$ cat protein14.txt   # compact mmCIF, C-alpha atoms
# COMPACT_ATOMS: atom_id res chain seq x y z
CA MET A 1 -8.74 58.23 23.22
CA THR A 2 -10.87 55.10 22.74
CA PRO A 3 -9.05 51.74 22.41
CA LEU A 4 -10.17 51.43 18.80
CA ALA A 5 -8.73 54.82 17.87
CA ALA A 6 -5.52 53.88 19.65
CA HIS A 7 -5.28 50.72 17.58
CA LEU A 8 -5.84 52.63 14.38
CA SER A 9 -3.23 55.21 15.16
CA HIS A 10 -0.76 52.46 16.05
CA ALA A 11 -1.39 50.80 12.72
CA ALA A 12 -0.97 54.06 10.88
CA ALA A 13 2.27 54.77 12.67
CA TRP A 14 3.60 51.34 11.74
CA ALA A 15 2.54 51.72 8.13
CA LEU A 16 4.23 55.11 7.98
CA SER A 17 7.41 53.97 9.63
CA ALA A 18 7.75 51.16 7.13
CA THR A 19 7.86 53.51 4.17
CA SER A 20 9.47 56.60 5.56
CA ARG A 21 12.51 55.09 7.27
CA PRO A 22 15.83 55.93 5.62
CA GLY A 23 16.89 53.04 3.43
CA ALA A 24 13.32 51.83 3.11
CA LEU A 25 13.30 52.33 -0.64
CA GLN A 26 16.41 50.20 -1.08
CA GLU A 27 14.89 47.45 1.08
CA GLU A 28 11.74 47.54 -1.00
CA LEU A 29 13.74 47.20 -4.20
CA GLU A 30 15.61 44.25 -2.76
CA GLU A 31 12.38 42.52 -1.82
CA ILE A 32 10.97 43.09 -5.29
CA ALA A 33 14.16 41.67 -6.78
CA VAL A 34 13.84 38.52 -4.61
CA ALA A 35 10.24 38.06 -5.71
CA VAL A 36 11.11 38.52 -9.37
CA VAL A 37 14.00 36.07 -9.12
CA ILE A 38 11.74 33.44 -7.50
CA CYS A 39 9.10 33.82 -10.19
CA ALA A 40 11.67 33.84 -13.00
CA ALA A 41 13.41 30.72 -11.63
CA ILE A 42 10.11 28.84 -11.39
CA PHE A 43 9.13 29.97 -14.86
CA GLU A 44 12.44 28.79 -16.26
CA LEU A 45 12.09 25.38 -14.58
CA VAL A 46 8.65 24.96 -16.09
CA ARG A 47 9.93 26.09 -19.51
CA ARG A 48 12.66 23.43 -19.40
CA LYS A 49 10.08 20.87 -18.26
CA ARG A 50 12.02 20.24 -15.06
CA LEU A 51 8.95 21.24 -13.04
CA MET A 52 5.35 20.41 -13.87
CA GLU A 53 2.87 23.27 -14.00
CA ARG A 54 0.83 21.51 -11.35
CA TYR A 55 3.63 21.89 -8.80
CA ALA A 56 4.78 25.27 -10.07
CA ILE A 57 1.52 26.96 -9.14
CA LEU A 58 2.14 26.97 -5.38
CA TRP A 59 5.66 28.30 -5.85
CA LEU A 60 4.45 31.03 -8.18
CA VAL A 61 1.84 31.96 -5.60
CA ALA A 62 4.66 32.23 -3.07
CA GLY A 63 6.68 34.47 -5.37
CA ALA A 64 3.63 36.62 -6.08
CA THR A 65 2.97 36.94 -2.37
CA VAL A 66 6.51 38.19 -1.76
CA LEU A 67 6.03 40.63 -4.62
CA VAL A 68 2.75 41.97 -3.25
CA LEU A 69 4.18 42.29 0.24
CA SER A 70 7.18 44.21 -1.04
CA LEU A 71 5.07 46.52 -3.20
CA ALA A 72 2.49 47.21 -0.52
CA GLN A 73 4.79 48.07 2.34
CA GLY A 74 3.22 47.83 5.75
CA THR A 75 0.85 45.04 4.79
CA ILE A 76 2.62 42.65 7.10
CA GLN A 77 2.48 45.12 9.93
CA ARG A 78 -1.21 45.68 9.40
CA VAL A 79 -1.97 41.96 9.20
CA ALA A 80 0.14 41.31 12.29
CA HIS A 81 -1.59 44.07 14.16
CA ASP A 82 -5.07 42.88 13.16
CA ALA A 83 -4.19 39.35 14.19
CA GLY A 84 -2.91 40.58 17.53
CA VAL A 85 0.72 39.69 16.84
CA SER A 86 2.91 42.25 18.54
CA TYR A 87 6.09 41.44 16.63
CA ALA A 88 5.35 41.78 12.91
CA PRO A 89 8.11 39.47 11.60
CA SER A 90 6.52 36.65 13.64
CA ALA A 91 3.40 36.99 11.53
CA LEU A 92 5.53 36.76 8.42
CA PHE A 93 7.21 33.61 9.71
CA ALA A 94 3.87 32.11 10.64
CA ILE A 95 2.54 32.67 7.13
CA ALA A 96 5.72 31.30 5.56
CA PHE A 97 5.59 28.27 7.87
CA LEU A 98 1.99 27.60 6.93
CA PHE A 99 2.91 27.77 3.28
CA VAL A 100 5.78 25.30 3.72
CA LEU A 101 3.46 22.99 5.66
CA VAL A 102 0.88 22.99 2.87
CA MET A 103 3.65 22.29 0.40
CA LEU A 104 5.00 19.35 2.41
CA VAL A 105 1.59 17.77 2.86
CA GLN A 106 1.06 18.08 -0.87
CA PHE A 107 4.39 16.35 -1.44
CA SER A 108 3.49 13.54 0.96
CA MET A 109 0.22 13.02 -0.90
CA THR A 110 2.07 13.00 -4.20
CA ILE A 111 4.59 10.46 -2.92
CA SER A 112 1.77 8.23 -1.65
CA ARG A 113 0.03 8.33 -5.01
CA LEU A 114 3.26 7.70 -6.91
CA SER A 115 4.23 4.72 -4.77
CA ASP A 116 0.74 3.26 -5.24
CA GLN A 117 1.07 3.62 -8.99
CA ASN A 118 4.60 2.25 -8.80
CA THR A 119 3.33 -0.86 -7.04
CA LEU A 120 0.64 -1.37 -9.68
CA LEU A 121 3.22 -1.05 -12.45
CA ALA A 122 5.61 -3.50 -10.83
CA GLN A 123 2.83 -6.04 -10.36
CA ARG A 124 1.65 -5.61 -13.93
CA ILE A 125 5.17 -6.01 -15.30
CA ALA A 126 5.63 -9.24 -13.34
CA LEU A 127 2.28 -10.59 -14.56
CA LEU A 128 2.97 -9.67 -18.19
CA GLN A 129 6.47 -11.12 -18.07
CA GLN A 130 5.16 -14.38 -16.63
CA ARG A 131 2.51 -14.59 -19.34
CA LEU A 132 5.07 -13.81 -22.02
CA GLU A 133 7.38 -16.56 -20.81
CA ALA A 134 4.49 -19.02 -20.56
CA ASP A 135 3.48 -18.23 -24.15
CA HIS A 136 7.08 -18.59 -25.23
CA ALA A 137 7.41 -21.96 -23.56
CA GLY A 138 4.12 -23.02 -25.13
CA ALA A 139 5.19 -21.88 -28.60
CA ASN A 140 8.43 -23.82 -28.29
CA GLY A 141 6.52 -26.97 -27.48
CA HIS A 142 7.72 -27.21 -23.90
CA GLY A 143 4.23 -27.29 -22.54
CA PRO A 144 0.64 -26.33 -23.18
CA ALA A 145 0.04 -22.59 -23.46
CA ASP A 146 -3.16 -22.03 -21.58
CA ASP A 147 -5.45 -19.31 -22.89
CA PRO A 148 -3.10 -17.19 -24.97
CA GLU A 149 -4.49 -13.68 -24.63
CA PRO A 150 -4.36 -11.28 -27.56
CA ALA A 151 -2.93 -8.61 -25.25
CA ALA A 152 0.06 -10.77 -24.39
CA SER A 153 0.82 -11.83 -27.94
CA ALA A 154 0.63 -8.21 -29.10
CA LEU A 155 3.23 -7.34 -26.52
CA SER A 156 5.82 -9.93 -27.42
CA GLY A 157 8.70 -8.10 -28.98
CA PRO A 158 11.50 -9.41 -31.17
CA THR A 159 13.68 -10.26 -28.19
CA ASP A 160 12.77 -11.73 -24.83
CA PRO A 161 13.99 -9.45 -22.02
CA ALA A 162 14.48 -12.35 -19.64
CA MET B 1 -5.94 -26.41 -15.24
CA LYS B 2 -6.30 -26.65 -11.48
CA ARG B 3 -8.74 -24.33 -9.77
CA ARG B 4 -6.67 -23.86 -6.64
CA LEU B 5 -3.53 -21.82 -6.17
CA ALA B 6 -0.87 -21.65 -3.49
CA ILE B 7 0.72 -18.21 -3.43
CA VAL B 8 4.23 -18.18 -1.97
CA PRO B 9 5.68 -14.72 -1.35
CA ALA B 10 9.46 -14.94 -1.16
CA TYR B 11 12.16 -12.35 -0.72
CA ASN B 12 15.73 -13.67 -0.71
CA GLU B 13 14.61 -17.14 0.32
CA ALA B 14 16.77 -19.16 -2.07
CA GLY B 15 17.65 -21.50 0.80
CA ALA B 16 14.05 -22.40 1.67
CA VAL B 17 11.80 -21.70 -1.29
CA GLY B 18 12.64 -24.88 -3.16
CA ALA B 19 11.70 -27.09 -0.22
CA THR B 20 8.56 -25.03 0.36
CA VAL B 21 7.42 -25.48 -3.25
CA GLU B 22 8.20 -29.19 -3.19
CA GLY B 23 6.37 -29.56 0.12
CA ILE B 24 3.25 -27.93 -1.30
CA ARG B 25 3.35 -30.03 -4.44
CA ARG B 26 3.74 -33.19 -2.37
CA CYS B 27 1.13 -32.41 0.31
CA ALA B 28 -1.37 -30.58 -1.89
CA PRO B 29 -1.02 -31.82 -5.45
CA ASP B 30 -4.36 -30.27 -6.39
CA PHE B 31 -2.85 -26.80 -5.96
CA ASP B 32 -0.86 -24.89 -8.56
CA VAL B 33 2.11 -23.19 -6.95
CA LEU B 34 2.87 -19.53 -7.67
CA VAL B 35 6.01 -18.05 -6.17
CA VAL B 36 6.04 -14.27 -6.07
CA ASP B 37 9.71 -13.36 -6.10
CA ASP B 38 9.64 -9.96 -4.44
CA GLY B 39 12.69 -8.46 -6.11
CA SER B 40 15.13 -10.93 -4.59
CA SER B 41 18.84 -10.44 -5.21
CA ASP B 42 19.57 -14.16 -4.80
CA ALA B 43 18.42 -17.18 -6.80
CA THR B 44 14.94 -17.37 -5.22
CA GLY B 45 13.12 -17.18 -8.56
CA GLU B 46 15.32 -19.77 -10.23
CA ARG B 47 15.09 -22.24 -7.33
CA ALA B 48 11.31 -21.89 -7.33
CA ARG B 49 11.13 -22.52 -11.07
CA VAL B 50 13.34 -25.58 -10.81
CA ALA B 51 11.13 -26.90 -8.00
CA GLY B 52 8.16 -26.66 -10.35
CA ALA B 53 6.46 -23.39 -9.44
CA THR B 54 5.18 -20.65 -11.70
CA VAL B 55 7.18 -17.54 -10.85
CA LEU B 56 6.07 -13.92 -10.79
CA ARG B 57 9.22 -11.84 -10.70
CA LEU B 58 8.63 -8.35 -9.32
CA PRO B 59 11.16 -5.87 -10.73
CA PHE B 60 11.96 -4.53 -7.28
CA ASN B 61 11.02 -5.19 -3.68
CA LEU B 62 7.42 -4.20 -2.94
CA GLY B 63 7.09 -5.75 0.50
CA ILE B 64 4.77 -8.57 1.50
CA GLY B 65 1.60 -6.58 0.77
CA GLY B 66 2.47 -5.72 -2.81
CA ALA B 67 3.80 -9.21 -3.45
CA MET B 68 0.67 -10.91 -2.13
CA GLN B 69 -1.57 -8.59 -4.11
CA ALA B 70 0.34 -9.52 -7.27
CA GLY B 71 -0.43 -13.14 -6.42
CA TYR B 72 -4.13 -12.40 -5.91
CA ILE B 73 -4.28 -10.50 -9.21
CA TYR B 74 -2.73 -13.55 -10.89
CA ALA B 75 -5.32 -15.77 -9.19
CA ARG B 76 -8.16 -13.52 -10.31
CA GLU B 77 -6.99 -13.25 -13.90
CA ASN B 78 -6.41 -16.98 -14.23
CA GLY B 79 -9.75 -17.92 -12.79
CA TYR B 80 -8.70 -19.66 -9.58
CA GLU B 81 -11.46 -20.45 -7.11
CA VAL B 82 -9.29 -20.84 -4.02
CA ALA B 83 -5.98 -19.24 -3.06
CA VAL B 84 -3.83 -20.07 -0.06
CA GLN B 85 -0.88 -18.04 1.14
CA VAL B 86 2.14 -20.12 2.17
CA ASP B 87 5.21 -18.17 3.26
CA GLY B 88 8.40 -18.97 1.38
CA ASP B 89 10.53 -19.29 4.51
CA GLY B 90 9.17 -22.70 5.47
CA GLN B 91 7.20 -21.55 8.53
CA HIS B 92 3.89 -22.73 7.16
CA ASP B 93 3.49 -26.49 7.07
CA PRO B 94 1.82 -27.45 3.78
CA ARG B 95 0.25 -30.49 5.44
CA PHE B 96 -2.35 -28.11 6.90
CA ILE B 97 -3.45 -26.85 3.48
CA HIS B 98 -6.11 -29.50 3.21
CA GLU B 99 -7.39 -28.76 6.70
CA LEU B 100 -7.82 -25.14 5.67
CA LEU B 101 -9.55 -26.29 2.48
CA ALA B 102 -11.86 -28.66 4.30
CA ARG B 103 -12.99 -25.87 6.59
CA LEU B 104 -13.38 -23.35 3.77
CA CYS B 105 -15.45 -25.73 1.65
CA GLY B 106 -17.29 -27.29 4.58
CA GLU B 107 -18.92 -24.15 5.92
CA GLN B 108 -21.44 -22.16 3.90
CA GLY B 109 -20.68 -18.47 3.54
CA LEU B 110 -17.11 -18.71 4.74
CA ASN B 111 -14.66 -16.65 2.69
CA MET B 112 -11.36 -16.97 4.52
CA VAL B 113 -9.75 -19.47 6.85
CA THR B 114 -6.59 -18.60 8.78
CA GLY B 115 -4.21 -21.02 10.40
CA SER B 116 -3.69 -19.93 14.00
CA ARG B 117 -0.78 -20.83 16.28
CA PHE B 118 -2.70 -19.98 19.42
CA LEU B 119 -5.99 -21.84 19.21
CA GLU B 120 -4.84 -25.06 20.84
CA PRO B 121 -4.80 -24.88 24.64
CA SER B 122 -1.30 -26.35 24.85
CA PRO B 123 0.24 -25.34 21.57
CA GLU B 124 3.35 -26.92 20.24
CA GLY B 125 5.60 -25.71 17.48
CA TYR B 126 6.81 -22.24 16.71
CA ARG B 127 4.95 -19.37 18.33
CA SER B 128 7.25 -16.38 17.80
CA SER B 129 9.33 -14.67 20.47
CA ALA B 130 7.89 -13.59 23.82
CA ALA B 131 8.07 -9.91 22.97
CA ARG B 132 6.21 -10.45 19.75
CA ARG B 133 3.57 -12.55 21.43
CA VAL B 134 2.74 -9.55 23.63
CA GLY B 135 2.16 -7.49 20.50
CA ILE B 136 0.20 -10.27 18.83
CA ARG B 137 -2.04 -10.56 21.89
CA LEU B 138 -2.69 -6.82 21.82
CA PHE B 139 -3.67 -6.94 18.18
CA SER B 140 -5.72 -10.05 18.83
CA ARG B 141 -7.77 -8.11 21.39
CA VAL B 142 -8.20 -5.11 19.10
CA VAL B 143 -9.17 -7.14 16.05
CA SER B 144 -11.51 -9.39 18.04
CA LEU B 145 -13.18 -6.32 19.49
CA ILE B 146 -13.75 -4.76 16.07
CA THR B 147 -14.87 -7.90 14.27
CA ARG B 148 -16.82 -9.26 17.29
CA ARG B 149 -15.33 -12.66 16.58
CA ARG B 150 -12.39 -14.32 18.26
CA VAL B 151 -9.22 -13.77 16.27
CA SER B 152 -6.41 -15.45 18.16
CA ASP B 153 -3.61 -15.04 15.61
CA PRO B 154 -4.18 -11.87 13.56
CA THR B 155 -0.60 -11.80 12.26
CA SER B 156 -0.68 -15.25 10.73
CA GLY B 157 -0.17 -15.16 6.99
CA PHE B 158 -1.19 -18.79 6.56
CA ARG B 159 -4.64 -18.21 5.16
CA MET B 160 -6.93 -19.44 2.44
CA THR B 161 -9.56 -17.41 0.61
CA ASP B 162 -12.34 -18.23 -1.77
CA ARG B 163 -13.07 -16.47 -5.06
CA ARG B 164 -14.70 -13.48 -3.37
CA GLY B 165 -11.69 -13.02 -1.14
CA ILE B 166 -9.40 -13.28 -4.16
CA GLU B 167 -11.37 -10.60 -5.98
CA LEU B 168 -11.35 -8.32 -2.96
CA PHE B 169 -7.62 -8.70 -2.32
CA ALA B 170 -6.75 -8.34 -6.00
CA ARG B 171 -8.52 -5.00 -5.98
CA ASP B 172 -7.45 -3.73 -2.60
CA TYR B 173 -4.77 -5.16 -0.36
CA PRO B 174 -3.04 -3.40 2.54
CA HIS B 175 0.53 -2.23 2.11
CA ASP B 176 3.46 -2.91 4.41
CA TYR B 177 2.25 -5.40 7.04
CA PRO B 178 -1.02 -6.58 5.62
CA GLU B 179 -2.24 -9.50 7.71
CA ILE B 180 -4.11 -7.61 10.41
CA GLU B 181 -5.58 -5.05 8.06
CA ALA B 182 -6.65 -7.78 5.65
CA ILE B 183 -8.86 -9.30 8.37
CA LEU B 184 -10.49 -5.93 8.93
CA LEU B 185 -10.85 -5.41 5.19
CA MET B 186 -12.68 -8.73 4.99
CA HIS B 187 -14.87 -7.69 7.88
CA ALA B 188 -15.62 -4.29 6.33
CA HIS B 189 -16.75 -6.00 3.14
CA ARG B 190 -18.96 -8.35 5.17
CA LEU B 191 -16.98 -11.41 4.19
CA ASN B 192 -16.64 -14.08 6.85
CA SER B 193 -13.42 -15.50 8.17
CA CYS B 194 -12.50 -18.01 10.83
CA GLU B 195 -9.44 -19.76 12.25
CA ILE B 196 -8.32 -23.32 12.61
CA PRO B 197 -5.39 -24.47 14.76
CA VAL B 198 -2.11 -25.13 12.97
CA VAL B 199 1.44 -25.82 14.05
CA MET B 200 4.12 -23.59 12.59
CA ARG B 201 7.82 -24.20 12.26
CA PRO B 202 10.69 -21.82 12.90
CA ARG B 203 11.99 -20.39 9.66
CA THR B 204 14.56 -22.58 7.98
CA SER B 205 16.65 -19.80 6.45
CA GLY B 206 16.80 -16.08 5.84
CA SER B 207 15.58 -13.52 8.33
CA SER B 208 12.21 -12.10 9.27
CA ALA B 209 10.90 -9.15 7.33
CA ILE B 210 10.48 -7.34 10.63
CA SER B 211 13.59 -6.64 12.69
CA SER B 212 13.29 -5.71 16.35
CA THR B 213 13.85 -2.03 15.63
CA GLN B 214 11.09 -2.12 13.07
CA SER B 215 8.68 -3.69 15.52
CA VAL B 216 7.85 -0.34 17.06
CA TYR B 217 7.15 1.11 13.65
CA TYR B 218 5.08 -1.98 12.87
CA MET B 219 2.93 -1.50 15.96
CA VAL B 220 2.38 2.19 15.37
CA LYS B 221 1.71 1.80 11.67
CA VAL B 222 -0.78 -1.01 12.04
CA LEU B 223 -2.56 0.65 14.97
CA LEU B 224 -2.90 3.80 12.88
CA ALA B 225 -4.23 1.79 9.94
CA VAL B 226 -6.70 -0.03 12.18
CA PHE B 227 -7.83 3.24 13.74
CA VAL B 228 -8.28 4.99 10.40
CA ALA B 229 -10.13 1.99 8.98
CA LEU B 230 -12.77 2.42 11.69
CA PHE B 231 -13.65 5.77 10.17
CA ARG B 232 -13.85 4.65 6.57
CA ALA B 233 -17.30 4.53 5.10
CA PRO B 234 -18.43 0.93 4.89
CA PRO B 235 -18.68 -0.38 1.35
CA THR B 236 -22.18 0.18 0.08
CA ALA B 237 -22.59 -2.63 -2.41
CA ALA B 238 -24.39 -5.77 -1.38
CA PRO B 239 -22.14 -8.80 -0.80
CA GLU B 240 -23.55 -10.48 -3.93
CA PRO B 241 -22.25 -11.14 -6.51
CA SER B 242 -18.86 -9.50 -6.13
CA ALA B 243 -18.39 -8.01 -2.75
CA GLY B 244 -17.99 -4.42 -1.89
CA ALA B 245 -17.16 -2.68 -5.15
CA PRO B 246 -18.15 0.90 -4.39
CA SER B 247 -18.61 1.58 -8.10
CA THR B 248 -21.62 -0.71 -8.28
CA ARG B 249 -23.72 1.79 -6.43
CA GLY B 250 -25.89 3.87 -8.73
CA GLU B 251 -24.86 1.96 -11.78
CA GLY B 252 -26.98 -1.01 -10.89
CA PRO B 253 -26.46 -4.35 -12.53
CA THR B 254 -24.28 -3.05 -15.37
CA ALA B 255 -21.15 -2.50 -13.30
CA ALA B 256 -21.57 -5.83 -11.59
CA ALA B 257 -22.06 -7.53 -14.94
CA VAL B 258 -18.94 -5.90 -16.34
CA GLU B 259 -16.99 -7.02 -13.33
CA ARG B 260 -18.22 -10.58 -13.68
CA ALA B 261 -17.44 -10.63 -17.37
CA SER B 262 -13.92 -9.33 -16.98
$ encode --input "protein14.txt" --output "structure tokens"
Amino acid sequence: MTPLAAHLSHAAAWALSATSRPGALQEELEEIAVAVVICAAIFELVRRKRLMERYAILWLVAGATVLVLSLAQGTIQRVAHDAGVSYAPSALFAIAFLFVLVMLVQFSMTISRLSDQNTLLAQRIALLQQRLEADHAGANGHGPADDPEPAASALSGPTDPA
Amino acid sequence: MKRRLAIVPAYNEAGAVGATVEGIRRCAPDFDVLVVDDGSSDATGERARVAGATVLRLPFNLGIGGAMQAGYIYARENGYEVAVQVDGDGQHDPRFIHELLARLCGEQGLNMVTGSRFLEPSPEGYRSSAARRVGIRLFSRVVSLITRRRVSDPTSGFRMTDRRGIELFARDYPHDYPEIEAILLMHAHRLNSCEIPVVMRPRTSGSSAISSTQSVYYMVKVLLAVFVALFRAPPTAAPEPSAGAPSTRGEGPTAAAVERAS
């Protein structure tokens, strides 16, 4: 038997064993249930606007992946075998780990962007408040109001927050 | 209105900020004083106001970088030609403000002047702890190597910039510990900086923004920032009229004109 044929027969044996073991059907149903629950939970979070679509996509992809893997039994084994991983669950963990890693990097990027925007907002609030108070002081005759900007006067509300 | 601004970043410096503001007003009466109250929980803002400063009150603590940038944005939007940073803790002696100004105005094409504690051969005054001086010397080497210009005190915040520096820093200022990166930012935008010797004082109250445990983080963070900055594409715009805005490329004079008009 050539090495290639040996590989193929190994793969076939794995694929078969995954579907023909006793209890395999129940396992498959459980996996499908997990996938459906993940997708439904994400969908519900998006529906309640607790999760933005932008961040839901990766999670939905994860749920869909679990669904595909549970429907197409033996996929993991085949992928593991093709990648030269002798213990199939390791391949699964590797894929899951990669997914989590991508997710975390995305979160770090999001946090960086948010804190940048946060800084800009804080600075702008301070600048607007200062201008507002200067205009106020000028209007009350406490001092000269230098260049009253239309933007600042449009922003002055009925009460001064300070 | 005066064309020169002293920006005083202060975080919980109620004990020192009043004296700092009064010192600046006494030693440099041609400077407006802006205190950036970086989300203090004490009376920093009120003391500064009483002492005669304009106060920018940040709603929460942004750190020195965010506070200084707020000051530079204020300087840009109010048309100041010169801005000097004077720390609120009393370390920077306002008597040197006019020496910084003389150097900035006296040399053509100079955009920033920093007050250095280490330029004099036998320095007096406050020069930080021994452990910190080791770190400062390391950064001094690195920054001097990159900018090909001797930078003896890269962590000094006592610095004065012209209008181009104000515009650059208002648009883009480094985050947590900005002094070293700001020098490199200047260099990347082909703006020129130099140092003059100054004498600093130990802080009169409060505590340093950087505790000893944070020093390690400081070193790593700044080294990373310096390293990454080496790999950033240099700004493409010509230094004139407003330095280094990447958006001016391809849009020709229009973008520059808009920037000038705003």
$ atom_distance --input "protein14.txt" --atom1 "CA of Ala83 (chain B)" --atom2 "CA of Val33 (chain B)"
9.8 Å
$ atom_distance --input "protein14.txt" --atom1 "CA of Leu58 (chain A)" --atom2 "CA of Val79 (chain A)"
21.3 Å
$ atom_distance --input "protein14.txt" --atom1 "CA of Val86 (chain B)" --atom2 "CA of Ala6 (chain B)"
6.6 Å
$ interface_residues --input "protein14.txt" --of "chain B" --to "chain A" --cutoff "6 Å" --atoms "all atoms listed in the file" --output "count of residues only"
4
$ closest_residue --input "protein14.txt" --among "A:Met103, A:Pro89, A:Val36, A:Glu28" --to "Ile57 (chain A)" --atoms "only C-alpha atoms"
A:Met103
$ residues_around --input "protein14.txt" --residues "Phe227 (chain B)" --least-positions-apart "6" --cutoff "12 Å" --atoms "only C-alpha atoms" --output "CSV table (one decimal) with C-alpha atoms, keeping the file's coordinate frame"
chain,number,residue,atom,x,y,z
B,139,PHE,CA,-3.7,-6.9,18.2
B,142,VAL,CA,-8.2,-5.1,19.1
B,143,VAL,CA,-9.2,-7.1,16.0
B,146,ILE,CA,-13.8,-4.8,16.1
B,180,ILE,CA,-4.1,-7.6,10.4
B,181,GLU,CA,-5.6,-5.0,8.1
B,184,LEU,CA,-10.5,-5.9,8.9
B,219,MET,CA,2.9,-1.5,16.0
B,220,VAL,CA,2.4,2.2,15.4
B,221,LYS,CA,1.7,1.8,11.7
$ closest_residue --input "protein14.txt" --among "B:Glu13, B:Glu81, B:Asp30, B:Asp176" --to "Glu46 (chain B)" --atoms "only C-alpha atoms"
B:Glu13
$ closest_residue --input "protein14.txt" --among "B:Arg49, B:Arg141, B:Arg76, B:Arg3" --to "Asp32 (chain B)" --atoms "all atoms listed in the file"
B:Arg3
$ closest_residue --input "protein14.txt" --among "B:Pro9, B:Pro197, B:Gly135, B:Gly18" --to "Asp87 (chain B)" --atoms "only C-alpha atoms"
B:Pro9
$ closest_residue --input "protein14.txt" --among "B:Arg26, B:Arg190, B:Arg127, B:Arg149" --to "Arg203 (chain B)" --atoms "only C-alpha atoms"
B:Arg127
$ residues_around --input "protein14.txt" --residues "Leu62 (chain B)" --least-positions-apart "4" --cutoff "7 Å" --atoms "only C-alpha atoms" --output "list in words"
Thr119 of chain A; Asp38, Gly66 and Ala67 of chain B
$ closest_residue --input "protein14.txt" --among "A:Gly74, A:Ala137, A:Ala94, A:Ser112" --to "His175 (chain B)" --atoms "all atoms listed in the file"
A:Ser112
$ residues_near_point --input "protein14.txt" --point "(-14.8, -16.5, 10.8)" --cutoff "12 Å" --atoms "only C-alpha atoms" --output "NGL selection string"
:B and (103-104 or 107-115 or 144 or 147-152 or 154 or 159-161 or 183-184 or 186-187 or 190-196)
$ residues_around --input "protein14.txt" --residues "Val66 (chain A)" --least-positions-apart "2" --cutoff "8 Å" --atoms "all atoms listed in the file" --output "NGL selection string"
:A and (31-32 or 34-35 or 62-64 or 68-70)
$ residues_around --input "protein14.txt" --residues "Tyr173 (chain B)" --least-positions-apart "2" --cutoff "7 Å" --atoms "all atoms listed in the file" --output "JSON, numbers by chain"
{"B": [65, 69, 169, 170, 171, 175, 182]}
$ write_last_selection --input "protein14.txt" --atoms "C-alpha atoms" --output "compact mmCIF listing (two decimals), in the coordinates of the input"
# COMPACT_ATOMS: atom_id res chain seq x y z
CA GLY B 65 1.60 -6.58 0.77
CA GLN B 69 -1.57 -8.59 -4.11
CA PHE B 169 -7.62 -8.70 -2.32
CA ALA B 170 -6.75 -8.34 -6.00
CA ARG B 171 -8.52 -5.00 -5.98
CA HIS B 175 0.53 -2.23 2.11
CA ALA B 182 -6.65 -7.78 5.65
